[in-house]
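One structure is given here, and the rest of the page talks about it.
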Amino acid sequence: MTISSTGDAQDFGDLTVARWSANGASNSIRGVFMGGSDPASTNILDYVTIASTGDASDFGDLTYSTTMGGGGNSNGHGGLTV
């Protein structure tokens, strides 16, 4: 959704694997989704480019599979996850 509009939501694309309970972080350029269940816990990291409506790309793997409790931060020079 475009927050500043009163229009309807639109399909933004798909993650690389359908899953629920994924965690994520974003800035104005990129959104990153991590972990979740598909139905077992997974270690997948995906990213989407905010300005596009394309599908996500595989960004790598977490060091362990998780269904919840992940999070992320970045200062523009690198990312940290917990």
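Following the order of the structure tokens, chains are lettered A, B, ..., residues in each are numbered from 1, and ligands are numbered from 1.
By only C-alpha atoms, and with residues fewer than 2 positions from Asp14 of chain A along its chain excluded, the set lying at most 7 Å from it is Thr16, Asp55 and Ala56 of chain A.
From atom CA of Tyr47 of chain A back to atom CA of Gly13 of chain A, the distance works out to 11.1 Å.
Once Leu15 of chain A and its same-chain neighbours fewer than 6 positions away are set aside, A:Ala22, A:Gly31, A:Val32, A:Phe33, A:Met34, A:Gly35, A:Gly36, A:Asp38, A:Ile44, A:Leu45, A:Asp46, A:Tyr47, A:Val48, A:Thr49, A:Thr53, A:Gly54, A:Asp55, A:Ala56, A:Ser57, A:Asp58, A:Phe59 remain within 12 Å of it when counting only C-alpha atoms.
Nearest to Ala51 of chain A of all the residues A:Asn23, A:Thr66, A:Ser37, A:Phe12 is A:Phe12, based on only C-alpha atoms.
Straight-line separation from atom CA of Ser41 of chain A to atom CA of Ser26 of chain A: 21.8 Å.
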re atom CA of Ser5 of chain A and atom CA of Ala25 of chain A: distance 22.8 Å
Spatial neighbours of Tyr64 of chain A, max dist 9 Å, only C-alpha atoms, sep filter under 3 positions, as a PDB file with C-alpha atoms, in the first residue's frame:
ATOM      1  CA  GLY A  35      13.040 -17.431   9.107  1.00  0.00           C
ATOM      2  CA  THR A  42      13.429 -22.432   8.062  1.00  0.00           C
ATOM      3  CA  ASN A  43      16.717 -20.498   7.805  1.00  0.00           C
ATOM      4  CA  ASP A  61      20.758 -18.293   5.117  1.00  0.00           C
TER       5      ASP A  61
END
